[in-house]
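Pasted below: my_file_38.txt, compact mmCIF, N, CA and C atoms.
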```
# COMPACT_ATOMS: atom_id res chain seq x y z
N MET Q 929 13.25 9.50 18.26
CA MET Q 929 13.85 9.34 16.96
C MET Q 929 12.98 10.05 15.92
N GLU Q 930 13.63 10.69 14.98
CA GLU Q 930 12.93 11.34 13.88
C GLU Q 930 13.52 10.87 12.56
N ILE Q 931 12.70 10.82 11.54
CA ILE Q 931 13.13 10.44 10.20
C ILE Q 931 12.91 11.64 9.30
N ASP Q 932 13.96 12.02 8.58
CA ASP Q 932 13.89 13.22 7.74
C ASP Q 932 14.75 12.99 6.51
N TYR Q 933 14.65 13.92 5.56
CA TYR Q 933 15.47 13.84 4.37
C TYR Q 933 16.95 13.99 4.73
N MET Q 934 17.80 13.22 4.05
CA MET Q 934 19.24 13.33 4.23
C MET Q 934 19.69 14.68 3.69
N ARG Q 935 20.57 15.33 4.46
CA ARG Q 935 21.12 16.62 4.06
C ARG Q 935 22.64 16.53 4.02
N GLU Q 936 23.23 17.51 3.41
CA GLU Q 936 24.68 17.51 3.25
C GLU Q 936 25.39 17.42 4.60
N ASP Q 937 24.86 18.07 5.63
CA ASP Q 937 25.54 18.03 6.93
C ASP Q 937 25.38 16.68 7.64
N ASP Q 938 24.60 15.75 7.09
CA ASP Q 938 24.50 14.38 7.62
C ASP Q 938 25.57 13.46 7.06
N LEU Q 939 26.21 13.87 5.97
CA LEU Q 939 27.03 12.95 5.19
C LEU Q 939 28.24 12.40 5.93
N GLU Q 940 28.85 13.18 6.79
CA GLU Q 940 30.02 12.66 7.52
C GLU Q 940 29.61 11.46 8.37
N GLN Q 941 28.51 11.58 9.10
CA GLN Q 941 28.03 10.47 9.93
C GLN Q 941 27.54 9.30 9.07
N VAL Q 942 26.85 9.61 7.98
CA VAL Q 942 26.37 8.57 7.07
C VAL Q 942 27.56 7.76 6.54
N CYS Q 943 28.61 8.44 6.11
CA CYS Q 943 29.78 7.75 5.56
C CYS Q 943 30.53 6.94 6.61
N THR Q 944 30.52 7.39 7.85
CA THR Q 944 31.14 6.61 8.93
C THR Q 944 30.40 5.29 9.09
N ILE Q 945 29.07 5.34 9.09
CA ILE Q 945 28.26 4.11 9.19
C ILE Q 945 28.52 3.24 7.96
N GLU Q 946 28.48 3.83 6.79
CA GLU Q 946 28.70 3.12 5.53
C GLU Q 946 30.04 2.38 5.55
N ASP Q 947 31.10 3.06 6.01
CA ASP Q 947 32.44 2.45 6.06
C ASP Q 947 32.51 1.30 7.06
N GLU Q 948 31.77 1.41 8.16
CA GLU Q 948 31.80 0.37 9.19
C GLU Q 948 31.04 -0.88 8.77
N ILE Q 949 30.02 -0.73 7.92
CA ILE Q 949 29.12 -1.85 7.61
C ILE Q 949 29.46 -2.55 6.30
N PHE Q 950 29.81 -1.79 5.26
CA PHE Q 950 29.90 -2.36 3.92
C PHE Q 950 31.34 -2.57 3.46
N SER Q 951 31.56 -3.67 2.74
CA SER Q 951 32.90 -3.97 2.23
C SER Q 951 33.25 -3.12 1.00
N SER Q 952 32.25 -2.62 0.31
CA SER Q 952 32.45 -1.71 -0.83
C SER Q 952 31.60 -0.46 -0.60
N PRO Q 953 32.00 0.37 0.37
CA PRO Q 953 31.15 1.51 0.75
C PRO Q 953 31.10 2.61 -0.30
N TRP Q 954 29.96 3.30 -0.32
CA TRP Q 954 29.85 4.51 -1.11
C TRP Q 954 30.69 5.59 -0.44
N ASP Q 955 31.18 6.53 -1.24
CA ASP Q 955 31.91 7.66 -0.66
C ASP Q 955 30.96 8.86 -0.52
N GLU Q 956 31.47 9.90 0.10
CA GLU Q 956 30.63 11.08 0.35
C GLU Q 956 30.09 11.70 -0.93
N LYS Q 957 30.91 11.72 -1.99
CA LYS Q 957 30.47 12.28 -3.26
C LYS Q 957 29.28 11.50 -3.84
N SER Q 958 29.29 10.19 -3.69
CA SER Q 958 28.18 9.38 -4.21
C SER Q 958 26.88 9.73 -3.50
N PHE Q 959 26.94 9.89 -2.18
CA PHE Q 959 25.74 10.29 -1.44
C PHE Q 959 25.33 11.71 -1.80
N LEU Q 960 26.29 12.61 -1.89
CA LEU Q 960 25.98 14.00 -2.22
C LEU Q 960 25.31 14.09 -3.59
N ASP Q 961 25.85 13.39 -4.57
CA ASP Q 961 25.24 13.38 -5.91
C ASP Q 961 23.81 12.85 -5.84
N SER Q 962 23.59 11.82 -5.03
CA SER Q 962 22.26 11.21 -4.94
C SER Q 962 21.24 12.14 -4.28
N ILE Q 963 21.63 12.82 -3.22
CA ILE Q 963 20.64 13.67 -2.53
C ILE Q 963 20.31 14.93 -3.32
N LYS Q 964 21.14 15.26 -4.32
CA LYS Q 964 20.88 16.43 -5.14
C LYS Q 964 19.93 16.14 -6.30
N HIS Q 965 19.68 14.87 -6.60
CA HIS Q 965 18.79 14.49 -7.70
C HIS Q 965 17.34 14.55 -7.26
N ASN Q 966 16.48 15.12 -8.08
CA ASN Q 966 15.05 15.19 -7.77
C ASN Q 966 14.36 13.84 -7.84
N ASP Q 967 14.94 12.88 -8.57
CA ASP Q 967 14.32 11.57 -8.74
C ASP Q 967 14.86 10.54 -7.74
N ARG Q 968 15.47 11.00 -6.67
CA ARG Q 968 16.00 10.11 -5.65
C ARG Q 968 15.54 10.60 -4.28
N ILE Q 969 15.31 9.65 -3.40
CA ILE Q 969 14.85 9.96 -2.04
C ILE Q 969 15.82 9.30 -1.07
N TYR Q 970 16.42 10.10 -0.20
CA TYR Q 970 17.32 9.57 0.84
C TYR Q 970 16.88 10.11 2.19
N LEU Q 971 16.75 9.20 3.14
CA LEU Q 971 16.29 9.55 4.48
C LEU Q 971 17.32 9.16 5.52
N VAL Q 972 17.29 9.86 6.65
CA VAL Q 972 18.11 9.50 7.81
C VAL Q 972 17.20 9.38 9.03
N ALA Q 973 17.56 8.48 9.91
CA ALA Q 973 16.92 8.39 11.22
C ALA Q 973 17.89 9.00 12.21
N LYS Q 974 17.39 9.93 13.03
CA LYS Q 974 18.26 10.65 13.97
C LYS Q 974 17.65 10.66 15.36
N GLU Q 975 18.54 10.70 16.32
CA GLU Q 975 18.16 10.95 17.69
C GLU Q 975 19.04 12.10 18.15
N ASP Q 976 18.43 13.20 18.48
CA ASP Q 976 19.15 14.46 18.67
C ASP Q 976 19.85 14.75 17.35
N LYS Q 977 21.16 14.85 17.34
CA LYS Q 977 21.86 15.12 16.08
C LYS Q 977 22.63 13.89 15.59
N GLU Q 978 22.44 12.76 16.26
CA GLU Q 978 23.15 11.54 15.89
C GLU Q 978 22.38 10.77 14.81
N VAL Q 979 23.06 10.47 13.70
CA VAL Q 979 22.48 9.65 12.65
C VAL Q 979 22.55 8.19 13.10
N LEU Q 980 21.38 7.56 13.21
CA LEU Q 980 21.29 6.16 13.64
C LEU Q 980 21.28 5.22 12.44
N GLY Q 981 20.78 5.72 11.32
CA GLY Q 981 20.69 4.91 10.11
C GLY Q 981 20.23 5.76 8.94
N TYR Q 982 20.23 5.15 7.77
CA TYR Q 982 19.83 5.86 6.56
C TYR Q 982 19.36 4.86 5.52
N CYS Q 983 18.60 5.36 4.56
CA CYS Q 983 18.16 4.54 3.44
C CYS Q 983 17.92 5.45 2.25
N GLY Q 984 17.94 4.85 1.06
CA GLY Q 984 17.75 5.65 -0.13
C GLY Q 984 17.17 4.85 -1.27
N MET Q 985 16.62 5.59 -2.23
CA MET Q 985 15.93 4.97 -3.36
C MET Q 985 16.03 5.87 -4.58
N TRP Q 986 16.20 5.22 -5.74
CA TRP Q 986 16.18 5.91 -7.02
C TRP Q 986 14.85 5.61 -7.69
N ASN Q 987 14.22 6.62 -8.25
CA ASN Q 987 12.94 6.46 -8.95
C ASN Q 987 13.22 6.17 -10.42
N ALA Q 988 12.59 5.11 -10.93
CA ALA Q 988 12.70 4.76 -12.34
C ALA Q 988 11.29 4.55 -12.88
N ILE Q 989 10.77 5.57 -13.53
CA ILE Q 989 9.40 5.61 -14.06
C ILE Q 989 8.43 5.46 -12.90
N ASP Q 990 7.87 4.27 -12.66
CA ASP Q 990 6.95 4.10 -11.53
C ASP Q 990 7.46 3.07 -10.53
N GLU Q 991 8.77 2.80 -10.56
CA GLU Q 991 9.39 1.84 -9.64
C GLU Q 991 10.45 2.54 -8.79
N GLY Q 992 10.58 2.07 -7.56
CA GLY Q 992 11.62 2.57 -6.68
C GLY Q 992 12.68 1.50 -6.49
N GLN Q 993 13.93 1.82 -6.86
CA GLN Q 993 15.05 0.92 -6.66
C GLN Q 993 15.75 1.33 -5.36
N ILE Q 994 15.55 0.53 -4.31
CA ILE Q 994 16.16 0.83 -3.02
C ILE Q 994 17.64 0.48 -3.11
N THR Q 995 18.47 1.48 -2.87
CA THR Q 995 19.91 1.34 -3.09
C THR Q 995 20.70 1.19 -1.80
N ASN Q 996 20.26 1.79 -0.75
CA ASN Q 996 21.02 1.80 0.51
C ASN Q 996 20.08 1.62 1.69
N VAL Q 997 20.49 0.76 2.61
CA VAL Q 997 19.79 0.63 3.89
C VAL Q 997 20.87 0.27 4.91
N ALA Q 998 20.99 1.07 5.95
CA ALA Q 998 21.98 0.77 6.98
C ALA Q 998 21.54 1.36 8.32
N VAL Q 999 21.83 0.61 9.37
CA VAL Q 999 21.59 1.06 10.74
C VAL Q 999 22.86 0.76 11.52
N LYS Q 1000 23.29 1.70 12.35
CA LYS Q 1000 24.45 1.48 13.21
C LYS Q 1000 24.29 0.14 13.93
N GLU Q 1001 25.37 -0.62 14.00
CA GLU Q 1001 25.29 -1.95 14.61
C GLU Q 1001 24.75 -1.90 16.04
N GLU Q 1002 25.18 -0.94 16.82
CA GLU Q 1002 24.75 -0.87 18.23
C GLU Q 1002 23.31 -0.37 18.38
N LYS Q 1003 22.69 0.07 17.29
CA LYS Q 1003 21.31 0.58 17.34
C LYS Q 1003 20.31 -0.37 16.67
N ARG Q 1004 20.76 -1.55 16.29
CA ARG Q 1004 19.88 -2.49 15.59
C ARG Q 1004 18.88 -3.13 16.55
N ASN Q 1005 17.85 -3.74 15.98
CA ASN Q 1005 16.77 -4.42 16.72
C ASN Q 1005 15.95 -3.44 17.56
N LYS Q 1006 15.82 -2.22 17.06
CA LYS Q 1006 15.00 -1.20 17.73
C LYS Q 1006 13.98 -0.61 16.76
N LYS Q 1007 13.73 -1.33 15.67
CA LYS Q 1007 12.75 -0.95 14.63
C LYS Q 1007 13.16 0.28 13.83
N ILE Q 1008 14.42 0.67 13.90
CA ILE Q 1008 14.89 1.83 13.14
C ILE Q 1008 14.83 1.53 11.65
N GLY Q 1009 15.37 0.39 11.23
CA GLY Q 1009 15.34 0.02 9.82
C GLY Q 1009 13.93 -0.11 9.30
N TYR Q 1010 13.08 -0.75 10.07
CA TYR Q 1010 11.68 -0.93 9.69
C TYR Q 1010 10.99 0.43 9.50
N ASN Q 1011 11.15 1.31 10.47
CA ASN Q 1011 10.50 2.62 10.40
C ASN Q 1011 11.06 3.48 9.26
N MET Q 1012 12.37 3.40 9.03
CA MET Q 1012 12.95 4.16 7.92
C MET Q 1012 12.40 3.67 6.59
N LEU Q 1013 12.36 2.34 6.41
CA LEU Q 1013 11.89 1.80 5.14
C LEU Q 1013 10.40 2.06 4.93
N LYS Q 1014 9.61 2.00 5.98
CA LYS Q 1014 8.18 2.36 5.86
C LYS Q 1014 8.06 3.80 5.38
N ALA Q 1015 8.86 4.69 5.97
CA ALA Q 1015 8.84 6.10 5.56
C ALA Q 1015 9.31 6.27 4.12
N LEU Q 1016 10.34 5.53 3.72
CA LEU Q 1016 10.85 5.61 2.36
C LEU Q 1016 9.80 5.13 1.36
N ILE Q 1017 9.16 4.02 1.66
CA ILE Q 1017 8.11 3.48 0.79
C ILE Q 1017 6.94 4.46 0.70
N ASN Q 1018 6.56 5.04 1.82
CA ASN Q 1018 5.47 6.03 1.80
C ASN Q 1018 5.84 7.25 0.97
N GLU Q 1019 7.08 7.71 1.07
CA GLU Q 1019 7.54 8.83 0.24
C GLU Q 1019 7.47 8.44 -1.24
N GLY Q 1020 7.87 7.20 -1.53
CA GLY Q 1020 7.79 6.72 -2.91
C GLY Q 1020 6.37 6.70 -3.42
N LYS Q 1021 5.44 6.20 -2.60
CA LYS Q 1021 4.03 6.18 -2.99
C LYS Q 1021 3.51 7.59 -3.21
N ASN Q 1022 3.94 8.52 -2.37
CA ASN Q 1022 3.54 9.92 -2.54
C ASN Q 1022 4.09 10.52 -3.83
N ASN Q 1023 5.14 9.88 -4.38
CA ASN Q 1023 5.73 10.30 -5.65
C ASN Q 1023 5.29 9.39 -6.80
N ASN Q 1024 4.14 8.73 -6.61
CA ASN Q 1024 3.50 7.90 -7.63
C ASN Q 1024 4.27 6.64 -8.00
N LEU Q 1025 5.12 6.15 -7.11
CA LEU Q 1025 5.77 4.87 -7.37
C LEU Q 1025 4.81 3.75 -6.99
N LYS Q 1026 4.78 2.73 -7.82
CA LYS Q 1026 3.82 1.64 -7.63
C LYS Q 1026 4.46 0.36 -7.11
N SER Q 1027 5.76 0.21 -7.29
CA SER Q 1027 6.45 -0.99 -6.80
C SER Q 1027 7.87 -0.61 -6.38
N PHE Q 1028 8.46 -1.50 -5.61
CA PHE Q 1028 9.78 -1.24 -5.03
C PHE Q 1028 10.61 -2.51 -5.14
N THR Q 1029 11.89 -2.35 -5.41
CA THR Q 1029 12.77 -3.50 -5.55
C THR Q 1029 14.10 -3.22 -4.86
N LEU Q 1030 14.79 -4.29 -4.53
CA LEU Q 1030 16.11 -4.21 -3.91
C LEU Q 1030 16.83 -5.53 -4.10
N GLU Q 1031 18.13 -5.51 -3.89
CA GLU Q 1031 18.93 -6.72 -3.83
C GLU Q 1031 19.51 -6.81 -2.43
N VAL Q 1032 19.66 -8.05 -1.96
CA VAL Q 1032 20.23 -8.29 -0.63
C VAL Q 1032 21.09 -9.55 -0.70
N ARG Q 1033 22.20 -9.53 0.02
CA ARG Q 1033 23.07 -10.71 0.07
C ARG Q 1033 22.27 -11.92 0.56
N VAL Q 1034 22.49 -13.07 -0.07
CA VAL Q 1034 21.76 -14.28 0.34
C VAL Q 1034 22.06 -14.66 1.79
N SER Q 1035 23.21 -14.23 2.32
CA SER Q 1035 23.58 -14.56 3.70
C SER Q 1035 23.04 -13.57 4.73
N ASN Q 1036 22.45 -12.47 4.29
CA ASN Q 1036 22.01 -11.42 5.22
C ASN Q 1036 20.60 -11.73 5.74
N GLU Q 1037 20.52 -12.72 6.60
CA GLU Q 1037 19.23 -13.20 7.10
C GLU Q 1037 18.44 -12.13 7.85
N GLU Q 1038 19.12 -11.31 8.60
CA GLU Q 1038 18.44 -10.25 9.36
C GLU Q 1038 17.73 -9.27 8.41
N ALA Q 1039 18.42 -8.84 7.36
CA ALA Q 1039 17.82 -7.92 6.40
C ALA Q 1039 16.69 -8.60 5.62
N ILE Q 1040 16.90 -9.84 5.22
CA ILE Q 1040 15.87 -10.58 4.49
C ILE Q 1040 14.60 -10.68 5.33
N HIS Q 1041 14.76 -10.97 6.60
CA HIS Q 1041 13.61 -11.04 7.51
C HIS Q 1041 12.88 -9.69 7.58
N LEU Q 1042 13.64 -8.62 7.67
CA LEU Q 1042 13.04 -7.27 7.71
C LEU Q 1042 12.26 -7.00 6.43
N TYR Q 1043 12.84 -7.30 5.29
CA TYR Q 1043 12.17 -7.03 4.02
C TYR Q 1043 10.90 -7.87 3.88
N HIS Q 1044 10.96 -9.12 4.31
CA HIS Q 1044 9.74 -9.96 4.29
C HIS Q 1044 8.66 -9.36 5.18
N LYS Q 1045 9.06 -8.86 6.34
CA LYS Q 1045 8.12 -8.24 7.28
C LYS Q 1045 7.42 -7.03 6.64
N LEU Q 1046 8.13 -6.34 5.77
CA LEU Q 1046 7.58 -5.18 5.06
C LEU Q 1046 6.74 -5.58 3.84
N GLY Q 1047 6.72 -6.88 3.52
CA GLY Q 1047 5.91 -7.35 2.41
C GLY Q 1047 6.67 -7.66 1.13
N PHE Q 1048 7.99 -7.52 1.14
CA PHE Q 1048 8.78 -7.85 -0.04
C PHE Q 1048 8.76 -9.36 -0.26
N LYS Q 1049 8.80 -9.75 -1.54
CA LYS Q 1049 8.81 -11.16 -1.94
C LYS Q 1049 10.10 -11.45 -2.70
N ASP Q 1050 10.65 -12.66 -2.48
CA ASP Q 1050 11.82 -13.11 -3.23
C ASP Q 1050 11.39 -13.39 -4.67
N CYS Q 1051 12.11 -12.82 -5.65
CA CYS Q 1051 11.69 -12.99 -7.04
C CYS Q 1051 12.80 -13.48 -7.95
N GLY Q 1052 13.98 -13.72 -7.42
CA GLY Q 1052 15.07 -14.21 -8.26
C GLY Q 1052 16.40 -14.07 -7.58
N ILE Q 1053 17.43 -14.52 -8.29
CA ILE Q 1053 18.81 -14.47 -7.79
C ILE Q 1053 19.67 -13.78 -8.84
N ARG Q 1054 20.55 -12.91 -8.39
CA ARG Q 1054 21.59 -12.34 -9.24
C ARG Q 1054 22.89 -13.02 -8.84
N LYS Q 1055 23.39 -13.89 -9.71
CA LYS Q 1055 24.61 -14.64 -9.45
C LYS Q 1055 25.82 -13.71 -9.37
N GLY Q 1056 26.61 -13.86 -8.31
CA GLY Q 1056 27.85 -13.11 -8.17
C GLY Q 1056 27.67 -11.60 -8.12
N TYR Q 1057 26.52 -11.13 -7.68
CA TYR Q 1057 26.21 -9.69 -7.68
C TYR Q 1057 27.15 -8.91 -6.76
N TYR Q 1058 27.44 -9.46 -5.61
CA TYR Q 1058 28.29 -8.76 -4.63
C TYR Q 1058 29.74 -9.21 -4.75
N SER Q 1059 30.63 -8.29 -4.38
CA SER Q 1059 32.05 -8.62 -4.26
C SER Q 1059 32.49 -8.33 -2.83
N LYS Q 1060 33.65 -8.81 -2.50
CA LYS Q 1060 34.24 -8.54 -1.17
C LYS Q 1060 33.33 -8.96 -0.02
N PRO Q 1061 32.95 -10.16 0.16
CA PRO Q 1061 33.23 -11.35 -0.65
C PRO Q 1061 32.21 -11.51 -1.76
N LYS Q 1062 32.61 -12.27 -2.77
CA LYS Q 1062 31.70 -12.57 -3.89
C LYS Q 1062 30.53 -13.38 -3.37
N GLU Q 1063 29.32 -12.93 -3.72
CA GLU Q 1063 28.12 -13.60 -3.21
C GLU Q 1063 26.93 -13.26 -4.10
N ASP Q 1064 25.98 -14.19 -4.15
CA ASP Q 1064 24.75 -13.95 -4.89
C ASP Q 1064 23.85 -13.00 -4.12
N ALA Q 1065 22.93 -12.38 -4.85
CA ALA Q 1065 21.93 -11.49 -4.25
C ALA Q 1065 20.54 -12.05 -4.52
N ILE Q 1066 19.67 -11.90 -3.55
CA ILE Q 1066 18.25 -12.17 -3.76
C ILE Q 1066 17.63 -10.89 -4.28
N ILE Q 1067 16.87 -10.99 -5.36
CA ILE Q 1067 16.11 -9.86 -5.88
C ILE Q 1067 14.75 -9.91 -5.19
N MET Q 1068 14.35 -8.81 -4.58
CA MET Q 1068 13.09 -8.76 -3.87
C MET Q 1068 12.23 -7.63 -4.42
N TRP Q 1069 10.89 -7.87 -4.42
CA TRP Q 1069 9.95 -6.88 -4.92
C TRP Q 1069 8.81 -6.69 -3.93
N LEU Q 1070 8.34 -5.47 -3.86
CA LEU Q 1070 7.11 -5.10 -3.15
C LEU Q 1070 6.23 -4.40 -4.17
N LYS Q 1071 5.07 -5.01 -4.44
CA LYS Q 1071 4.16 -4.45 -5.45
C LYS Q 1071 2.85 -4.08 -4.82
```
Translate the structure described by the file into structure tokens.
Amino acid sequence: MEIDYMREDDLEQVCTIEDEIFSSPWDEKSFLDSIKHNDRIYLVAKEDKEVLGYCGMWNAIDEGQITNVAVKEEKRNKKIGYNMLKALINEGKNNNLKSFTLEVRVSNEEAIHLYHKLGFKDCGIRKGYYSKPKEDAIIMWLK
């Protein structure tokens, strides 16, 4: 497995994963716009030419707002998400980011466990943050 910057030719596979996992998925244009910005970092994990997962972050002054994290369902529990996020955080640190934040559904125990393993701390709740279904989000920070 290799982790590299997301490129335009990855987007079809990225969007397939996005559509399979999320109830309000981003479209190809949203990802394309994001990878073209200098203040955003998007990575993919690949094996051969198959995209196994992806993650992304927007830089805001000295903070990284993690916006997307996804791994193909059949490829989970193989440390792909962990390795992608470690790489994303390292890229952020290389770009002078000092802290990282994200929101996660309160019911997404698997993701919450992963974020805790990476050192993120629960710092609050955003009421009704998610739709389809409506659900609160835990705000997490890594400083």
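Comparing the minimum interatomic distances between Val942 in chain Q and each of Q:Val979, Q:Ile1017, Q:Ile1066, Q:Val1032, counting only N, CA and C atoms, we find that Q:Val979 sits nearest.
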Practice problem: One decimal, Å: what's the distance from atom C of Ser952 in chain Q over to CA of Ala1015 in chain Q, could you say? | Solution: 24.5 Å
Quiz item: For Phe959 in chain Q, which residue out of Q:Thr944, Q:Leu939, Q:Gln993, Q:Glu975 is the nearest one, using all atoms listed in the file?
Solution: Q:Leu939
Quiz item: Which neighbours of Ile949 in chain Q fall inside 10 Å, counting only C-alpha atoms, when residues of the same chain fewer than 6 positions from it are skipped, and could you give them as a list in words?
Solution: Cys943, Ala998, Val999, Lys1000 and Glu1001 of chain Q
Exercise. For atom C of Cys983 in chain Q and CA of Asp947 in chain Q, quote the distance in Å rounded to one decimal.
Key: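 Value for the atom C of Cys983 in chain Q-CA of Asp947 in chain Q distance: 15.3 Å.
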